[in-house]
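query-v1.txt (compact mmCIF, C-alpha atoms) appears below.
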# COMPACT_ATOMS: atom_id res chain seq x y z
CA MET A 1 -39.35 -110.64 -27.06
CA VAL A 2 -40.44 -107.45 -28.82
CA ALA A 3 -42.87 -106.33 -26.08
CA ALA A 4 -40.15 -105.74 -23.48
CA PRO A 5 -38.26 -103.03 -25.44
CA GLN A 6 -41.56 -101.33 -26.27
CA LYS A 7 -42.56 -101.31 -22.59
CA THR A 8 -39.17 -99.87 -21.62
CA LEU A 9 -39.55 -97.17 -24.28
CA THR A 10 -43.02 -96.27 -23.02
CA ILE A 11 -41.79 -95.93 -19.41
CA SER A 12 -38.84 -93.75 -20.51
CA LEU A 13 -41.14 -91.51 -22.53
CA PHE A 14 -43.52 -91.15 -19.57
CA ILE A 15 -40.68 -90.16 -17.22
CA THR A 16 -39.29 -87.68 -19.76
CA LEU A 17 -42.66 -85.96 -20.23
CA ASN A 18 -43.14 -85.64 -16.48
CA LEU A 19 -39.68 -84.14 -16.04
CA ILE A 20 -40.40 -81.64 -18.81
CA SER A 21 -43.71 -80.67 -17.17
CA ILE A 22 -42.09 -79.85 -13.84
CA LEU A 23 -39.00 -78.18 -15.32
CA PRO A 24 -40.52 -74.67 -15.16
CA LEU A 25 -41.22 -75.15 -11.46
CA LEU A 26 -37.61 -76.07 -10.83
CA THR A 27 -36.31 -73.24 -12.99
CA PHE A 28 -38.49 -70.41 -11.69
CA SER A 29 -38.89 -71.35 -8.05
CA PHE A 30 -37.74 -68.70 -5.58
CA ASN A 31 -34.33 -69.27 -4.03
CA PRO A 32 -34.19 -67.62 -0.56
CA ASP A 33 -30.39 -67.73 -0.64
CA GLU A 34 -30.38 -65.52 -3.75
CA PRO A 35 -33.50 -63.32 -3.72
CA THR A 36 -32.76 -61.49 -6.98
CA ASN A 37 -32.51 -64.61 -9.17
CA ARG A 38 -36.19 -64.42 -10.03
CA GLN A 39 -38.78 -64.50 -12.80
CA ILE A 40 -41.08 -61.49 -13.32
CA LEU A 41 -44.34 -61.50 -15.27
CA VAL A 42 -45.06 -58.16 -17.01
CA LEU A 43 -48.62 -57.56 -18.18
CA LEU A 44 -49.09 -54.72 -20.68
CA ASP A 45 -52.07 -52.94 -22.22
CA ASP A 46 -50.13 -52.63 -25.44
CA LEU A 47 -46.87 -54.26 -26.51
CA SER A 48 -45.63 -50.82 -27.58
CA LEU A 49 -45.04 -50.14 -23.87
CA ARG A 50 -42.19 -52.59 -24.07
CA SER A 51 -40.27 -50.08 -26.19
CA SER A 52 -41.65 -46.83 -24.74
CA HIS A 53 -40.66 -47.99 -21.22
CA SER A 54 -37.59 -49.97 -22.27
CA ILE A 55 -35.13 -48.14 -19.98
CA PHE A 56 -37.00 -49.30 -16.89
CA PHE A 57 -37.28 -52.86 -18.17
CA SER A 58 -33.61 -52.92 -19.21
CA SER A 59 -32.63 -51.80 -15.72
CA LEU A 60 -34.40 -54.84 -14.24
CA GLN A 61 -32.86 -57.21 -16.78
CA SER A 62 -29.38 -55.84 -16.18
CA ARG A 63 -29.81 -56.66 -12.49
CA GLY A 64 -30.50 -60.32 -13.21
CA PHE A 65 -34.30 -60.47 -13.51
CA ASN A 66 -35.98 -62.51 -16.22
CA LEU A 67 -38.96 -60.61 -17.65
CA ASP A 68 -41.82 -62.43 -19.35
CA PHE A 69 -43.89 -59.90 -21.35
CA LYS A 70 -47.53 -60.65 -22.12
CA LEU A 71 -50.61 -58.72 -23.11
CA ALA A 72 -52.91 -58.36 -20.12
CA GLN A 73 -55.74 -60.12 -21.97
CA ASP A 74 -53.62 -62.98 -23.32
CA PRO A 75 -55.70 -66.16 -22.81
CA ALA A 76 -52.52 -68.12 -22.10
CA ILE A 77 -51.68 -66.21 -18.90
CA SER A 78 -51.00 -68.54 -15.99
CA VAL A 79 -49.09 -67.72 -12.83
CA LYS A 80 -49.46 -71.12 -11.18
CA ARG A 81 -48.93 -74.71 -12.26
CA TYR A 82 -49.42 -77.85 -10.19
CA GLY A 83 -49.91 -75.70 -7.09
CA GLN A 84 -46.58 -73.89 -7.58
CA TYR A 85 -46.12 -70.30 -8.73
CA LEU A 86 -44.15 -69.82 -11.93
CA TYR A 87 -43.25 -66.21 -11.11
CA ASP A 88 -41.90 -64.38 -8.08
CA GLY A 89 -42.95 -60.90 -9.12
CA LEU A 90 -45.74 -59.27 -11.11
CA ILE A 91 -45.69 -55.91 -12.93
CA LEU A 92 -49.08 -54.55 -13.99
CA PHE A 93 -48.55 -51.85 -16.63
CA SER A 94 -52.10 -52.35 -17.87
CA PRO A 95 -54.23 -49.63 -16.24
CA SER A 96 -57.16 -49.80 -18.67
CA THR A 97 -57.57 -53.59 -18.56
CA ASP A 98 -60.92 -54.53 -17.10
CA ARG A 99 -60.23 -58.27 -17.18
CA PHE A 100 -57.04 -60.32 -17.29
CA GLY A 101 -56.67 -63.22 -19.66
CA GLY A 102 -56.23 -66.85 -18.73
CA SER A 103 -56.84 -67.90 -15.15
CA LEU A 104 -55.69 -64.62 -13.59
CA ASP A 105 -58.25 -62.39 -11.91
CA LEU A 106 -58.56 -60.12 -8.86
CA GLU A 107 -58.47 -63.05 -6.44
CA GLY A 108 -55.53 -64.53 -8.32
CA VAL A 109 -53.48 -61.33 -7.91
CA LEU A 110 -54.32 -61.13 -4.20
CA ASP A 111 -53.44 -64.81 -3.68
CA PHE A 112 -50.16 -64.15 -5.50
CA VAL A 113 -49.29 -61.44 -2.97
CA ASP A 114 -50.61 -63.47 -0.03
CA SER A 115 -48.18 -66.21 -1.04
CA GLY A 116 -45.24 -63.85 -0.46
CA HIS A 117 -44.69 -62.52 -3.99
CA ASP A 118 -44.10 -58.92 -5.06
CA LEU A 119 -46.22 -56.54 -7.14
CA ILE A 120 -45.74 -53.27 -9.04
CA LEU A 121 -48.95 -51.60 -10.19
CA ALA A 122 -49.08 -48.44 -12.32
CA ALA A 123 -52.36 -46.66 -13.09
CA ASP A 124 -53.39 -43.54 -14.98
CA SER A 125 -56.52 -41.55 -15.72
CA ASN A 126 -57.95 -44.56 -17.61
CA ALA A 127 -57.67 -46.90 -14.63
CA SER A 128 -60.28 -49.65 -14.76
CA ASP A 129 -62.35 -50.94 -11.86
CA LEU A 130 -60.14 -54.04 -11.77
CA ILE A 131 -56.98 -51.99 -11.19
CA ARG A 132 -58.75 -49.77 -8.65
CA ASN A 133 -60.01 -52.82 -6.75
CA ILE A 134 -56.54 -54.38 -6.61
CA ALA A 135 -55.16 -51.11 -5.21
CA ALA A 136 -58.02 -50.85 -2.71
CA GLU A 137 -57.31 -54.37 -1.42
CA CYS A 138 -53.72 -53.24 -0.81
CA GLY A 139 -54.80 -50.23 1.27
CA VAL A 140 -54.77 -47.56 -1.46
CA ASP A 141 -57.89 -45.71 -2.62
CA PHE A 142 -57.75 -43.86 -5.94
CA ASP A 143 -59.93 -40.80 -6.42
CA GLU A 144 -63.51 -41.92 -7.04
CA ASP A 145 -63.85 -39.31 -9.78
CA THR A 146 -62.59 -41.23 -12.82
CA SER A 147 -61.93 -38.00 -14.73
CA ALA A 148 -59.79 -36.45 -11.99
CA VAL A 149 -56.01 -36.03 -12.15
CA VAL A 150 -53.58 -34.37 -9.77
CA ILE A 151 -53.21 -30.63 -10.40
CA ASP A 152 -50.75 -28.26 -8.75
CA HIS A 153 -50.68 -24.59 -9.74
CA THR A 154 -47.60 -23.79 -7.65
CA GLY A 155 -45.65 -27.03 -8.05
CA TYR A 156 -46.00 -27.94 -11.71
CA ALA A 157 -43.19 -28.66 -14.12
CA VAL A 158 -42.46 -25.92 -16.64
CA SER A 159 -43.47 -27.17 -20.09
CA GLU A 160 -44.28 -25.69 -23.47
CA THR A 161 -47.21 -28.05 -24.08
CA GLU A 162 -48.79 -28.76 -20.66
CA GLY A 163 -51.10 -25.87 -19.87
CA ASP A 164 -53.38 -27.35 -17.22
CA HIS A 165 -50.66 -27.75 -14.58
CA SER A 166 -51.22 -31.51 -14.36
CA LEU A 167 -47.56 -32.23 -15.18
CA ILE A 168 -46.20 -32.09 -11.64
CA ALA A 169 -42.62 -31.77 -10.41
CA ALA A 170 -42.81 -33.75 -7.16
CA ASP A 171 -39.97 -33.79 -4.65
CA ASP A 172 -41.60 -34.74 -1.33
CA PHE A 173 -39.91 -38.13 -0.84
CA ILE A 174 -40.04 -40.48 2.11
CA GLN A 175 -36.97 -40.11 4.30
CA SER A 176 -35.69 -43.67 4.12
CA GLY A 177 -32.35 -44.73 2.71
CA VAL A 178 -33.53 -48.34 2.72
CA ILE A 179 -36.46 -47.72 0.38
CA LEU A 180 -34.97 -45.03 -1.89
CA GLY A 181 -31.26 -45.74 -1.53
CA SER A 182 -28.49 -43.87 0.21
CA LYS A 183 -27.96 -41.40 -2.65
CA THR A 184 -30.24 -38.37 -2.46
CA ILE A 185 -32.58 -37.82 -5.42
CA GLU A 186 -31.70 -34.25 -6.36
CA ALA A 187 -34.06 -33.66 -9.28
CA PRO A 188 -37.86 -33.67 -8.90
CA VAL A 189 -39.88 -36.56 -10.29
CA ILE A 190 -42.17 -35.67 -13.19
CA PHE A 191 -45.63 -37.06 -12.47
CA LYS A 192 -48.75 -36.99 -14.60
CA GLY A 193 -51.60 -39.14 -13.41
CA ILE A 194 -54.11 -39.76 -10.66
CA GLY A 195 -53.73 -39.38 -6.92
CA HIS A 196 -54.72 -41.68 -4.14
CA SER A 197 -55.20 -41.70 -0.40
CA LEU A 198 -54.12 -44.28 2.15
CA ASN A 199 -56.63 -46.38 4.00
CA PRO A 200 -56.27 -45.32 7.67
CA GLU A 201 -57.13 -48.86 8.78
CA ASN A 202 -54.09 -50.25 6.98
CA SER A 203 -50.94 -49.57 8.99
CA LEU A 204 -48.69 -51.31 6.46
CA VAL A 205 -49.00 -48.81 3.59
CA LEU A 206 -46.56 -45.88 3.33
CA LYS A 207 -46.35 -42.76 1.18
CA VAL A 208 -43.14 -42.73 -0.83
CA LEU A 209 -43.88 -39.72 -3.02
CA SER A 210 -46.43 -37.15 -1.83
CA ALA A 211 -48.02 -34.16 -3.52
CA SER A 212 -47.35 -30.64 -2.26
CA SER A 213 -49.70 -28.72 0.03
CA SER A 214 -51.09 -26.77 -2.96
CA ALA A 215 -52.08 -29.83 -5.00
CA TYR A 216 -55.59 -31.17 -5.46
CA SER A 217 -57.36 -33.85 -7.47
CA ALA A 218 -59.95 -32.71 -10.03
CA ASN A 219 -60.97 -32.74 -13.67
CA PRO A 220 -58.69 -30.17 -15.39
CA THR A 221 -61.21 -29.52 -18.18
CA SER A 222 -64.12 -28.40 -16.02
CA LYS A 223 -64.79 -25.90 -13.25
CA LEU A 224 -64.95 -27.07 -9.67
CA SER A 225 -68.53 -27.27 -8.45
CA SER A 226 -67.57 -28.67 -5.02
CA PRO A 227 -64.39 -28.98 -2.96
CA PRO A 228 -62.03 -31.73 -4.20
CA SER A 229 -62.06 -34.97 -2.21
CA LEU A 230 -58.25 -35.15 -2.25
CA THR A 231 -56.13 -32.11 -1.42
CA GLY A 232 -52.65 -31.17 -0.27
CA THR A 233 -50.16 -33.54 1.25
CA SER A 234 -52.87 -36.12 1.91
CA ILE A 235 -52.52 -36.99 -1.79
CA SER A 236 -50.06 -39.80 -2.33
CA LEU A 237 -48.56 -40.14 -5.80
CA VAL A 238 -46.60 -43.35 -5.14
CA SER A 239 -47.10 -45.66 -2.17
CA VAL A 240 -45.60 -48.94 -1.01
CA VAL A 241 -46.80 -51.78 1.17
CA GLN A 242 -44.81 -54.43 2.97
CA ALA A 243 -47.20 -57.18 3.99
CA ARG A 244 -46.82 -59.23 7.16
CA ASN A 245 -45.46 -62.08 5.03
CA ASN A 246 -42.77 -59.67 3.70
CA ALA A 247 -44.36 -59.44 0.23
CA ARG A 248 -43.77 -55.96 -1.19
CA ILE A 249 -46.10 -53.83 -3.30
CA MET A 250 -45.63 -50.52 -5.09
CA ILE A 251 -48.62 -48.56 -6.40
CA SER A 252 -48.19 -45.55 -8.67
CA GLY A 253 -50.87 -43.26 -10.06
CA SER A 254 -48.81 -42.62 -13.17
CA LEU A 255 -47.72 -45.06 -15.85
CA ASP A 256 -45.95 -42.26 -17.74
CA MET A 257 -43.63 -41.82 -14.76
CA PHE A 258 -41.77 -44.98 -15.94
CA SER A 259 -41.57 -43.93 -19.61
CA ASN A 260 -38.36 -43.27 -21.52
CA ARG A 261 -39.66 -39.79 -22.38
CA LEU A 262 -39.88 -38.66 -18.77
CA PHE A 263 -36.72 -40.56 -17.81
CA ARG A 264 -34.73 -38.49 -20.31
CA SER A 265 -36.62 -35.23 -19.89
CA GLY A 266 -35.17 -32.22 -18.15
CA VAL A 267 -37.23 -30.66 -15.38
CA GLU A 268 -37.73 -27.20 -13.95
CA LYS A 269 -40.20 -26.69 -11.12
CA ILE A 270 -42.16 -23.48 -11.32
CA GLY A 271 -40.70 -20.88 -8.98
CA SER A 272 -37.33 -22.65 -8.81
CA LEU A 273 -34.21 -21.01 -10.23
CA LYS A 274 -32.56 -24.37 -10.85
CA LYS A 275 -33.22 -26.37 -14.00
CA HIS A 276 -32.18 -30.02 -13.95
CA GLY A 277 -30.90 -31.53 -17.18
CA LYS A 278 -32.53 -34.84 -16.28
CA SER A 279 -35.56 -35.61 -14.13
CA GLY A 280 -35.35 -37.80 -11.04
CA ASN A 281 -37.72 -40.38 -12.58
CA GLN A 282 -35.10 -42.93 -13.57
CA GLN A 283 -33.27 -42.83 -10.25
CA PHE A 284 -36.54 -42.93 -8.32
CA ALA A 285 -38.00 -45.85 -10.33
CA THR A 286 -34.75 -47.81 -10.21
CA GLU A 287 -34.21 -47.38 -6.48
CA ILE A 288 -37.76 -48.18 -5.48
CA SER A 289 -37.82 -51.25 -7.73
CA LYS A 290 -34.69 -52.48 -5.96
CA TRP A 291 -36.59 -52.31 -2.70
CA VAL A 292 -39.76 -53.91 -4.07
CA PHE A 293 -37.84 -56.86 -5.50
CA HIS A 294 -35.81 -57.36 -2.31
CA GLU A 295 -32.46 -56.15 -3.61
CA ARG A 296 -32.31 -53.94 -0.53
CA GLY A 297 -33.72 -54.22 2.96
CA HIS A 298 -34.01 -58.02 2.86
CA LEU A 299 -32.81 -59.62 6.09
CA LYS A 300 -32.25 -63.21 7.11
CA ALA A 301 -31.36 -64.66 10.50
CA VAL A 302 -29.38 -67.87 10.94
CA ASN A 303 -27.62 -69.86 13.65
CA LEU A 304 -29.87 -69.02 16.58
CA LYS A 305 -28.06 -70.55 19.56
CA HIS A 306 -28.32 -70.63 23.34
CA ASN A 307 -26.30 -72.42 25.99
CA LYS A 308 -25.22 -72.24 29.60
CA VAL A 309 -22.28 -69.96 30.35
CA GLY A 310 -19.08 -71.98 30.05
CA GLU A 311 -20.67 -74.65 27.86
CA THR A 312 -21.10 -74.95 24.09
CA GLY A 313 -23.91 -77.45 23.69
CA GLU A 314 -27.57 -76.48 23.75
CA PRO A 315 -29.19 -78.01 26.85
CA ALA A 316 -32.52 -79.81 26.73
CA ILE A 317 -33.71 -77.90 29.81
CA TYR A 318 -32.57 -75.00 31.96
CA ARG A 319 -32.80 -74.62 35.73
CA ILE A 320 -34.02 -71.44 37.40
CA ASN A 321 -31.21 -68.94 38.04
CA ASP A 322 -28.89 -70.53 35.47
CA ASP A 323 -26.60 -68.12 33.59
CA LEU A 324 -27.05 -68.50 29.86
CA GLU A 325 -25.76 -67.05 26.59
CA PHE A 326 -27.82 -66.28 23.49
CA SER A 327 -26.64 -65.46 19.96
CA VAL A 328 -28.00 -65.11 16.43
CA GLU A 329 -26.48 -64.04 13.10
CA ILE A 330 -28.30 -61.49 10.89
CA PHE A 331 -27.38 -60.70 7.30
CA GLU A 332 -28.71 -58.33 4.65
CA TRP A 333 -28.92 -59.00 0.90
CA SER A 334 -26.93 -56.38 -1.00
CA GLY A 335 -28.21 -57.31 -4.46
CA ALA A 336 -25.28 -59.61 -5.14
CA SER A 337 -24.37 -61.29 -1.84
CA TRP A 338 -25.20 -61.49 1.85
CA VAL A 339 -23.41 -58.90 3.99
CA PRO A 340 -23.46 -58.48 7.79
CA TYR A 341 -26.34 -56.38 9.06
CA VAL A 342 -25.29 -53.83 11.65
CA ALA A 343 -27.79 -52.23 14.05
CA ASP A 344 -28.07 -51.39 17.73
CA ASP A 345 -31.77 -52.08 18.27
CA VAL A 346 -32.07 -55.87 17.94
CA GLN A 347 -33.62 -57.39 21.07
CA VAL A 348 -34.33 -60.86 22.45
CA GLN A 349 -37.19 -61.79 24.76
CA PHE A 350 -37.25 -64.70 27.18
CA TYR A 351 -40.95 -65.19 26.93
CA MET A 352 -43.70 -67.15 28.69
CA MET A 353 -47.12 -65.49 28.28
CA SER A 354 -45.21 -62.22 28.64
CA PRO A 355 -41.50 -61.32 28.44
CA TYR A 356 -39.67 -62.06 31.71
CA VAL A 357 -36.36 -60.89 30.22
CA LEU A 358 -35.87 -58.27 27.47
CA LYS A 359 -32.28 -57.64 26.41
CA THR A 360 -30.74 -55.55 23.64
CA LEU A 361 -28.20 -57.63 21.74
CA SER A 362 -24.59 -56.54 21.33
CA THR A 363 -22.95 -56.98 17.92
CA ASN A 364 -19.43 -57.66 16.72
CA GLN A 365 -20.13 -55.63 13.52
CA LYS A 366 -19.83 -58.88 11.52
CA GLY A 367 -23.41 -60.01 11.75
CA LEU A 368 -23.22 -61.78 15.13
CA TYR A 369 -25.59 -60.56 17.85
CA HIS A 370 -25.19 -61.89 21.38
CA THR A 371 -26.03 -61.35 25.03
CA SER A 372 -26.13 -63.18 28.36
CA PHE A 373 -28.59 -63.15 31.23
CA LYS A 374 -29.82 -65.12 34.22
CA VAL A 375 -32.83 -67.40 33.89
CA PRO A 376 -35.69 -65.91 35.96
CA ASP A 377 -36.77 -67.59 39.20
CA VAL A 378 -39.89 -68.93 37.47
CA TYR A 379 -40.24 -72.37 35.95
CA GLY A 380 -42.31 -73.33 32.91
CA VAL A 381 -41.97 -73.50 29.12
CA PHE A 382 -40.18 -70.39 27.84
CA GLN A 383 -39.31 -69.17 24.36
CA PHE A 384 -36.35 -67.21 23.04
CA LYS A 385 -38.07 -64.68 20.74
CA VAL A 386 -36.60 -62.17 18.31
CA GLU A 387 -39.24 -59.88 16.78
CA TYR A 388 -37.50 -57.29 14.62
CA GLN A 389 -39.46 -54.67 12.69
CA ARG A 390 -37.79 -51.65 11.17
CA LEU A 391 -38.97 -49.28 8.43
CA GLY A 392 -38.06 -50.65 5.01
CA TYR A 393 -36.64 -53.95 6.23
CA THR A 394 -38.21 -57.38 6.08
CA THR A 395 -39.63 -58.51 9.39
CA LEU A 396 -37.68 -61.08 11.39
CA SER A 397 -39.74 -63.34 13.62
CA LEU A 398 -37.76 -66.08 15.34
CA SER A 399 -38.57 -68.27 18.29
CA LYS A 400 -37.07 -71.28 19.99
CA GLN A 401 -38.65 -73.14 22.85
CA SER A 402 -36.80 -74.15 26.00
CA PRO A 403 -38.29 -75.44 29.28
CA VAL A 404 -37.12 -74.23 32.69
CA ARG A 405 -37.34 -76.45 35.79
CA PRO A 406 -37.11 -75.64 39.51
CA PHE A 407 -34.36 -76.91 41.81
CA LYS A 408 -34.49 -80.60 42.66
CA HIS A 409 -34.90 -81.39 46.34
CA ASN A 410 -31.22 -82.29 46.66
CA GLU A 411 -30.00 -79.17 44.83
CA TYR A 412 -30.99 -76.67 47.50
CA GLU A 413 -28.32 -75.45 49.95
CA ARG A 414 -28.24 -77.31 53.28
CA PHE A 415 -28.63 -74.08 55.20
CA ILE A 416 -30.24 -71.17 53.43
CA THR A 417 -28.90 -67.78 54.53
CA THR A 418 -32.24 -66.04 54.28
CA ALA A 419 -33.75 -68.67 56.63
CA PHE A 420 -31.38 -67.92 59.56
CA PRO A 421 -34.05 -65.90 61.45
CA TYR A 422 -36.35 -68.91 61.32
CA TYR A 423 -33.56 -71.20 62.46
CA GLY A 424 -32.88 -68.82 65.35
CA ALA A 425 -36.58 -68.68 66.28
CA SER A 426 -36.82 -72.48 66.39
CA PHE A 427 -33.74 -72.97 68.58
CA SER A 428 -34.62 -70.06 70.89
CA THR A 429 -38.08 -71.60 71.41
CA MET A 430 -36.52 -74.94 72.37
CA ILE A 431 -34.00 -73.35 74.72
CA GLY A 432 -36.66 -71.18 76.31
CA PHE A 433 -38.91 -74.20 76.91
CA PHE A 434 -35.98 -76.11 78.49
CA ILE A 435 -35.18 -73.22 80.85
CA PHE A 436 -38.84 -72.79 81.74
CA SER A 437 -39.14 -76.50 82.55
CA ILE A 438 -36.15 -76.44 84.93
CA VAL A 439 -37.36 -73.31 86.67
CA TYR A 440 -40.86 -74.68 87.06
CA LEU A 441 -39.80 -78.12 88.35
CA TYR A 442 -37.10 -77.07 90.84
CA ASN A 443 -38.30 -73.70 92.04
CA LYS A 444 -40.32 -73.93 95.36
Give the structure from the file, written as structure tokens.
Amino acid sequence: MVAAPQKTLTISLFITLNLISILPLLTFSFNPDEPTNRQILVLLDDLSLRSSHSIFFSSLQSRGFNLDFKLAQDPAISVKRYGQYLYDGLILFSPSTDRFGGSLDLEGVLDFVDSGHDLILAADSNASDLIRNIAAECGVDFDEDTSAVVIDHTGYAVSETEGDHSLIAADDFIQSGVILGSKTIEAPVIFKGIGHSLNPENSLVLKVLSASSSAYSANPTSKLSSPPSLTGTSISLVSVVQARNNARIMISGSLDMFSNRLFRSGVEKIGSLKKHGKSGNQQFATEISKWVFHERGHLKAVNLKHNKVGETGEPAIYRINDDLEFSVEIFEWSGASWVPYVADDVQVQFYMMSPYVLKTLSTNQKGLYHTSFKVPDVYGVFQFKVEYQRLGYTTLSLSKQSPVRPFKHNEYERFITTAFPYYGASFSTMIGFFIFSIVYLYNK
């Protein structure tokens, strides 16, 4: 009689422990209907960065992100449990770390991105091989000279302490309201760090902040013995990548760029008559982080429908030359809710091996895109395809299969207009033969 209650207690305890073990997976799993309700892992070289860069971190927290701060070499680091990722974003503010703690390594970071998660990486002149290799795998190559920093003698920020012109006032931004927001960044960004170039074989990486034509990458404490490997506008200071799985990456050559000191600092670019009371660092970092973490430029498509004109239901099969209607709804995440996405370049393909029909969709300005067309006079298995790629926006790739059949034998017209010449030829032949027979038989 005593064993039964003990058995029940054991089973209850087992269930409770299992529920507790999977609770983090339920809590931190990514919700596609609310992209900004996410957990971010922040790895730091030193916990003092948490206070020296607190404005940037507070901006993320105020927008609904949960930040989990850890030292980069913490042995308890784990980004995955039971095959599920615990975090949806990763911030690496640990440029000098040559090895991560726990189970995280180079392959782990790349797998994290390959699984559709986002990454912010900030380096500096002390960047380790690990950080350089992560950047290289993302299509960004830092200067091979580990002592080199970006120098600009005609575009530096006026300062009482910086005498080597490595404190740069950069204002060559990418022209994209999706990535950097609709509000223009008026003040230059103060940058002190290392430059990088973009891998020409990677078409997914973009310069967001470029150096000026007079900049170059070199060791500021020694004379140049050979031409610098990186010069002019080919030097990227901050770059972004949007992978084919819509994971987003930002790579910066300066960790100081995110610091409270440079956020609050005034800036005056040499040769400029205008002095800004506050640098553009905070606005730049905030806006680009909104893009990286999908608060802007994140699209979703729903309710893809097609039907014959005059009908509402989706048919199992179409017939050649049928008139059909196609529609899809597209929305953009605003940071708080889904709003209708409005554009004039969304297209649909009616595709079998190649597109037989390509139509630009009309919109009602409320997120609904629609069109109508005639099924081509070719039968087979077709697909309705929407492939939408636009700078700064997540890629939409939709397809829906629908077979097309020819006319049945009893669906053709009894007399086909285009066949009248053949009808005429047949009857004229018969009449001619009849006349010839009479003439031949009765003419002596």
For Thr221 in chain A, list every protein, DNA or RNA residue within 12 Å, evaluated using only C-alpha atoms, and leave out those in the same chain fewer than 5 positions away; present the list as a PyMOL selection string. chain A and resi 147-149+151+163-166
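Of the listed residues A:Asn364, A:Ser372, A:Ser128, A:Asn133, the one whose atoms come nearest to Gly310 in chain A is A:Ser372, with distances taken using all atoms listed in the file.
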Would you kindly return, as a VMD selection string, each protein, DNA or RNA residue with an atom no farther than 7 Å from any atom of Gly280 in chain A, considering all atoms listed in the file and excluding same-chain residues fewer than 5 positions away? chain A and resid 185 to 189
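Distances from A:Val42, A:Leu92, A:Leu119, A:Met257 to Phe57 in chain A were compared using only C-alpha atoms, and the smallest one belongs to A:Val42.
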For each of A:Gly313, A:Gly266, A:Gly155, A:Gly380, take the minimum atom-to-atom distance to Ser212 in chain A, counting all atoms listed in the file, then give the residue where this is smallest. A:Gly155
Test item: residues at most 7 Å from Ile179 in chain A, only C-alpha atoms, excluding those fewer than 6 positions along its chain, as a PDB file with C-alpha atoms, keeping the file's coordinate frame:
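Now in part27.pdb:
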ATOM      1  CA  ILE A 288     -37.760 -48.180  -5.480  1.00  0.00           C
ATOM      2  CA  TRP A 291     -36.590 -52.310  -2.700  1.00  0.00           C
ATOM      3  CA  GLY A 392     -38.060 -50.650   5.010  1.00  0.00           C
TER       4      GLY A 392
END
Among A:Phe258, A:Phe100, A:Tyr393, A:Trp338, Ala243 in chain A is approached most closely, using only C-alpha atoms, by A:Tyr393
Could you pull the residues within 12 Å of range 68-82 of chain A, counting only C-alpha atoms, minus those fewer than 2 positions along the same chain, as a tab-separated table (two decimals) with C-alpha atoms, keeping the file's coordinate frame?
chain	number	residue	atom	x	y	z
A	18	ASN	CA	-43.14	-85.64	-16.48
A	21	SER	CA	-43.71	-80.67	-17.17
A	22	ILE	CA	-42.09	-79.85	-13.84
A	23	LEU	CA	-39.00	-78.18	-15.32
A	24	PRO	CA	-40.52	-74.67	-15.16
A	25	LEU	CA	-41.22	-75.15	-11.46
A	26	LEU	CA	-37.61	-76.07	-10.83
A	28	PHE	CA	-38.49	-70.41	-11.69
A	29	SER	CA	-38.89	-71.35	-8.05
A	38	ARG	CA	-36.19	-64.42	-10.03
A	39	GLN	CA	-38.78	-64.50	-12.80
A	40	ILE	CA	-41.08	-61.49	-13.32
A	41	LEU	CA	-44.34	-61.50	-15.27
A	42	VAL	CA	-45.06	-58.16	-17.01
A	43	LEU	CA	-48.62	-57.56	-18.18
A	44	LEU	CA	-49.09	-54.72	-20.68
A	45	ASP	CA	-52.07	-52.94	-22.22
A	46	ASP	CA	-50.13	-52.63	-25.44
A	47	LEU	CA	-46.87	-54.26	-26.51
A	48	SER	CA	-45.63	-50.82	-27.58
A	49	LEU	CA	-45.04	-50.14	-23.87
A	50	ARG	CA	-42.19	-52.59	-24.07
A	51	SER	CA	-40.27	-50.08	-26.19
A	54	SER	CA	-37.59	-49.97	-22.27
A	57	PHE	CA	-37.28	-52.86	-18.17
A	60	LEU	CA	-34.40	-54.84	-14.24
A	61	GLN	CA	-32.86	-57.21	-16.78
A	65	PHE	CA	-34.30	-60.47	-13.51
A	66	ASN	CA	-35.98	-62.51	-16.22
A	84	GLN	CA	-46.58	-73.89	-7.58
A	85	TYR	CA	-46.12	-70.30	-8.73
A	86	LEU	CA	-44.15	-69.82	-11.93
A	87	TYR	CA	-43.25	-66.21	-11.11
A	88	ASP	CA	-41.90	-64.38	-8.08
A	89	GLY	CA	-42.95	-60.90	-9.12
A	90	LEU	CA	-45.74	-59.27	-11.11
A	91	ILE	CA	-45.69	-55.91	-12.93
A	92	LEU	CA	-49.08	-54.55	-13.99
A	93	PHE	CA	-48.55	-51.85	-16.63
A	94	SER	CA	-52.10	-52.35	-17.87
A	95	PRO	CA	-54.23	-49.63	-16.24
A	96	SER	CA	-57.16	-49.80	-18.67
A	97	THR	CA	-57.57	-53.59	-18.56
A	98	ASP	CA	-60.92	-54.53	-17.10
A	99	ARG	CA	-60.23	-58.27	-17.18
A	100	PHE	CA	-57.04	-60.32	-17.29
A	101	GLY	CA	-56.67	-63.22	-19.66
A	102	GLY	CA	-56.23	-66.85	-18.73
A	103	SER	CA	-56.84	-67.90	-15.15
A	104	LEU	CA	-55.69	-64.62	-13.59
A	105	ASP	CA	-58.25	-62.39	-11.91
A	108	GLY	CA	-55.53	-64.53	-8.32
A	109	VAL	CA	-53.48	-61.33	-7.91
A	111	ASP	CA	-53.44	-64.81	-3.68
A	112	PHE	CA	-50.16	-64.15	-5.50
A	113	VAL	CA	-49.29	-61.44	-2.97
A	115	SER	CA	-48.18	-66.21	-1.04
A	117	HIS	CA	-44.69	-62.52	-3.99
A	130	LEU	CA	-60.14	-54.04	-11.77
A	131	ILE	CA	-56.98	-51.99	-11.19
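Among A:Ala218, A:Ala157, A:Leu106, A:Leu230, the residue with the shortest atom-to-atom distance to Ser125 in chain A, counting only C-alpha atoms, is A:Ala218.
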